[in-house]
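Just structure-v8.cif here, mmCIF, C-alpha atoms:
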data_protein
#
loop_
_atom_site.label_atom_id
_atom_site.label_comp_id
_atom_site.auth_asym_id
_atom_site.auth_seq_id
_atom_site.Cartn_x
_atom_site.Cartn_y
_atom_site.Cartn_z
CA MET A 1 7.52 171.37 -31.37
CA ILE A 2 9.55 174.33 -32.59
CA GLU A 3 9.94 175.83 -36.04
CA GLN A 4 12.99 177.79 -37.10
CA GLU A 5 13.75 179.32 -40.48
CA LEU A 6 16.91 180.48 -42.17
CA ASP A 7 17.24 184.24 -42.45
CA PHE A 8 19.22 185.74 -45.29
CA PRO A 9 20.65 189.01 -43.97
CA PRO A 10 21.65 191.58 -46.59
CA PHE A 11 25.32 191.76 -47.61
CA GLU A 12 26.25 188.57 -45.82
CA GLN A 13 27.06 185.36 -47.56
CA ASP A 14 26.02 182.86 -44.94
CA PRO A 15 22.41 182.62 -43.79
CA GLU A 16 21.64 182.62 -40.07
CA TRP A 17 18.99 180.77 -38.14
CA GLY A 18 16.09 183.01 -37.15
CA ASN A 19 14.33 183.03 -33.80
CA PRO A 20 12.61 179.76 -32.93
CA LYS A 21 8.80 179.77 -32.84
CA ILE A 22 6.75 177.40 -30.74
CA ILE A 23 4.26 175.54 -32.93
CA TYR A 24 2.96 173.05 -30.38
CA PRO A 25 1.62 173.42 -27.83
CA HIS A 26 -0.11 176.40 -29.37
CA ASN A 27 -0.23 179.36 -27.02
CA SER A 28 -3.55 180.81 -28.07
CA PHE A 29 -6.47 180.87 -25.68
CA HIS A 30 -9.91 179.49 -26.45
CA ILE A 31 -12.85 181.54 -25.26
CA ASN A 32 -16.06 179.58 -25.14
CA PRO A 33 -18.79 181.38 -27.11
CA VAL A 34 -21.35 180.75 -24.34
CA ILE A 35 -19.48 183.09 -21.97
CA PRO A 36 -21.48 186.33 -21.66
CA GLN A 37 -20.28 189.28 -23.72
CA SER A 38 -19.93 191.40 -20.57
CA LEU A 39 -17.14 189.05 -19.43
CA ASN A 40 -15.56 188.63 -22.86
CA ARG A 41 -14.44 192.26 -23.02
CA SER A 42 -12.23 192.13 -19.94
CA LEU A 43 -11.10 188.58 -20.72
CA LEU A 44 -10.02 189.58 -24.23
CA GLU A 45 -8.18 192.58 -22.82
CA SER A 46 -6.38 190.27 -20.39
CA ILE A 47 -5.32 188.07 -23.31
CA LYS A 48 -4.13 191.10 -25.32
CA CYS A 49 -2.08 192.31 -22.37
CA PHE A 50 -0.57 188.85 -21.94
CA LYS A 51 0.36 188.56 -25.61
CA ALA A 52 1.94 192.03 -25.49
CA GLY A 53 4.06 191.02 -22.50
CA ALA A 54 2.17 193.28 -20.09
CA LEU A 55 1.95 190.54 -17.49
CA THR A 56 0.90 192.66 -14.51
CA ALA A 57 -1.84 194.27 -16.59
CA SER A 58 -2.99 190.83 -17.75
CA ILE A 59 -3.32 189.64 -14.16
CA ILE A 60 -5.21 192.77 -13.16
CA MET A 61 -7.61 192.28 -16.09
CA SER A 62 -8.13 188.65 -15.10
CA ARG A 63 -9.07 189.87 -11.62
CA LYS A 64 -11.45 192.37 -13.19
CA THR A 65 -12.99 189.51 -15.18
CA LEU A 66 -13.49 187.60 -11.93
CA GLU A 67 -15.21 190.62 -10.36
CA ALA A 68 -17.45 190.95 -13.43
CA PHE A 69 -18.24 187.24 -13.15
CA CYS A 70 -19.47 187.73 -9.58
CA ILE A 71 -21.69 190.61 -10.66
CA GLU A 72 -22.97 188.62 -13.65
CA LYS A 73 -24.01 185.90 -11.20
CA GLY A 74 -25.85 188.45 -9.02
CA ILE A 75 -23.21 188.63 -6.28
CA LYS A 76 -21.98 192.08 -5.21
CA GLU A 77 -20.48 192.03 -1.73
CA ASN A 78 -18.27 194.69 -0.14
CA ASN A 79 -15.12 193.10 -1.53
CA LEU A 80 -14.10 190.36 -3.93
CA ALA A 81 -13.15 187.90 -1.19
CA LEU A 82 -16.69 188.03 0.20
CA SER A 83 -18.20 187.80 -3.28
CA ILE A 84 -16.20 184.66 -4.06
CA LYS A 85 -17.20 183.14 -0.73
CA LYS A 86 -20.86 183.87 -1.50
CA LEU A 87 -20.51 182.22 -4.93
CA LYS A 88 -19.42 179.07 -3.11
CA GLU A 89 -22.14 179.32 -0.45
CA GLU A 90 -24.83 179.63 -3.12
CA GLY A 91 -23.47 176.62 -5.04
CA ILE A 92 -22.49 178.63 -8.11
CA ILE A 93 -18.92 177.37 -7.75
CA ASN A 94 -17.55 174.31 -5.98
CA ASP A 95 -14.62 174.00 -3.56
CA GLN A 96 -12.01 173.60 -6.31
CA ILE A 97 -13.22 176.62 -8.29
CA TYR A 98 -13.42 178.58 -5.03
CA GLU A 99 -9.74 177.83 -4.41
CA TRP A 100 -8.81 178.90 -7.95
CA ALA A 101 -10.90 182.10 -7.73
CA ASN A 102 -9.36 183.01 -4.39
CA GLY A 103 -5.88 182.41 -5.81
CA LEU A 104 -6.70 184.67 -8.75
CA ARG A 105 -7.97 187.32 -6.36
CA LEU A 106 -4.74 187.23 -4.38
CA ALA A 107 -2.60 187.40 -7.53
CA GLY A 108 -4.70 190.34 -8.72
CA ASN A 109 -4.24 192.11 -5.40
CA LYS A 110 -0.50 191.58 -5.61
CA ALA A 111 -0.48 192.89 -9.20
CA ALA A 112 -2.51 195.97 -8.31
CA HIS A 113 -0.83 196.87 -5.02
CA GLY A 114 2.61 195.23 -5.05
CA PHE A 115 4.53 198.04 -6.69
CA ASP A 116 7.83 196.17 -6.54
CA THR A 117 6.34 192.87 -7.74
CA ASP A 118 7.26 191.40 -11.11
CA PHE A 119 5.42 188.42 -12.53
CA GLU A 120 6.83 185.54 -14.48
CA HIS A 121 5.36 184.69 -17.87
CA LEU A 122 4.14 181.31 -16.59
CA ASP A 123 2.43 182.92 -13.58
CA ALA A 124 0.45 185.30 -15.80
CA LYS A 125 -0.43 182.45 -18.16
CA ASP A 126 -1.68 180.33 -15.26
CA VAL A 127 -3.83 183.19 -13.97
CA LEU A 128 -5.33 183.61 -17.43
CA ASP A 129 -5.83 179.85 -17.87
CA PHE A 130 -7.58 179.56 -14.51
CA THR A 131 -9.79 182.56 -15.27
CA ILE A 132 -10.87 180.92 -18.52
CA ALA A 133 -11.35 177.57 -16.74
CA ILE A 134 -13.64 179.15 -14.11
CA LEU A 135 -15.79 180.66 -16.84
CA ASP A 136 -15.80 177.45 -18.89
CA PHE A 137 -16.76 175.39 -15.87
CA THR A 138 -19.55 177.72 -14.86
CA TYR A 139 -21.04 178.62 -18.22
CA SER A 140 -20.39 175.48 -20.20
CA PHE A 141 -19.45 172.32 -18.34
CA LYS A 142 -21.74 172.83 -15.36
CA ASP A 143 -24.73 173.45 -17.64
CA LYS A 144 -23.78 170.53 -19.89
CA PHE A 145 -23.53 168.22 -16.91
CA GLU A 146 -26.92 169.31 -15.55
CA LYS A 147 -28.51 168.62 -18.97
CA PHE A 148 -26.69 165.29 -19.11
CA LYS A 149 -28.05 164.28 -15.69
CA ILE A 150 -31.57 165.15 -16.80
CA ARG A 151 -31.17 163.10 -19.99
CA VAL A 152 -29.68 160.14 -18.16
CA ASN A 153 -32.39 160.23 -15.50
CA GLN A 154 -35.08 160.39 -18.18
CA THR A 155 -33.45 157.45 -19.97
CA ASP A 156 -33.23 155.51 -16.69
CA GLU A 157 -36.89 156.25 -15.93
CA LEU A 158 -37.90 155.21 -19.44
CA MET A 159 -35.86 151.99 -19.18
CA SER A 160 -37.36 151.10 -15.79
CA THR A 161 -40.88 151.83 -17.05
CA THR A 162 -40.29 149.62 -20.10
CA ARG A 163 -38.97 146.75 -17.94
CA THR A 164 -42.00 146.78 -15.64
CA GLU A 165 -44.51 146.65 -18.47
#
Could you render the structure from this file as structure tokens?
Amino acid sequence: MIEQELDFPPFEQDPEWGNPKIIYPHNSFHINPVIPQSLNRSLLESIKCFKAGALTASIIMSRKTLEAFCIEKGIKENNLALSIKKLKEEGIINDQIYEWANGLRLAGNKAAHGFDTDFEHLDAKDVLDFTIAILDFTYSFKDKFEKFKIRVNQTDELMSTTRTE
């Protein structure tokens, strides 16, 4: 959905349509409050860069967030590729998140070292969205699911105990 207003320029009789603004889908990013503060700083900087149109800087900051994520999880290998692989090997991330993280790493490398590389708005937004998704999955959904499994198992055990009595 788009909103557009009439502008009334000075000294002109006829109003003109102003620039359209996207109302929906809203382009703001949601940062889950359970994400550690150490990761929020670089993530927020990535969002600020994105909103300012500094797309390369946004991608680099997303990569920095991914590196900080590895360190936050106790993984500090010689390079980010090895750190991401170790996250997967230790079960901190699954195959899908591994693929996303590796894609973010490659985009970050291209942003940092590809001096003649320009990024599209959608590419930078995807990198930022996937960075947020990795953090949400790891710090929120994964924990929620583990707690859910415990609750469901306890309920199942309680139900089976009640049936046998």
Worksheet item: When the PyMOL selection byres ((chain A and resi 76-85) around 7) is applied to the file above, which residues end up in the set, as a list in words?
Response: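 Expected selection for the PyMOL selection byres ((chain A and resi 76-85) around 7) here is Glu67, Cys70, Ile71, Gly74, Ile75, Lys86, Leu87, Lys88, Glu89, Tyr98, Ala101 and Asn102 of chain A.
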Worksheet entry | Test item: which residues lie within 6 Å of (-16.1, 183.3, -18.7) counting all atoms listed in the file, as JSON, numbers by chain | {"A": [35, 39, 132, 135, 136]}
Practice prompt. Might you pull out every residue within 10 Å of Ser38 in chain A, with only C-alpha atoms counted and same-chain residues fewer than 5 positions away left off, and present them as number ranges by chain?
Written response: A: 43, 65, 68-69, 72
Worksheet item: Between CA of Gly53 in chain A and CA of Phe119 in chain A, what is the distance, to one decimal in Å?
Response: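 According to the coordinates, CA of Gly53 in chain A and CA of Phe119 in chain A are separated by 10.4 Å.
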Discussion item. What's the separation between CA of Pro33 in chain A and CA of Ser140 in chain A, in Å to one decimal place?
Written reply: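 So the two atoms, CA of Pro33 in chain A and CA of Ser140 in chain A, lie 9.2 Å apart.
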Discussion item. I need the output of the PyMOL selection byres ((chain A and resi 104) around 8) for this file as a PyMOL selection string; which residues are they?
Written reply: chain A and resi 62-63+100-103+105-108+127+130-131
Discussion item. To test your reading of the syntax: which residues would the PyMOL selection byres ((chain A and resi 55-60) around 10) return for the file shown? Reply as a ChimeraX atom specification.
Written reply: /A:42-54,61-66,104-105,107-112,114,117-128,131
Discussion item. Just the number, please: distance in Å from CA of Ile31 in chain A to CA of Thr138 in chain A, one decimal.
Written reply: 12.9 Å
Worksheet item: When distances are computed from all atoms listed in the file, which of A:Asp14, A:Glu5, A:Glu90, A:Asp95 shows the smallest separation from Lys73 in chain A?
Response: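 Of all the options, A:Glu90 lies closest to Lys73 in chain A.
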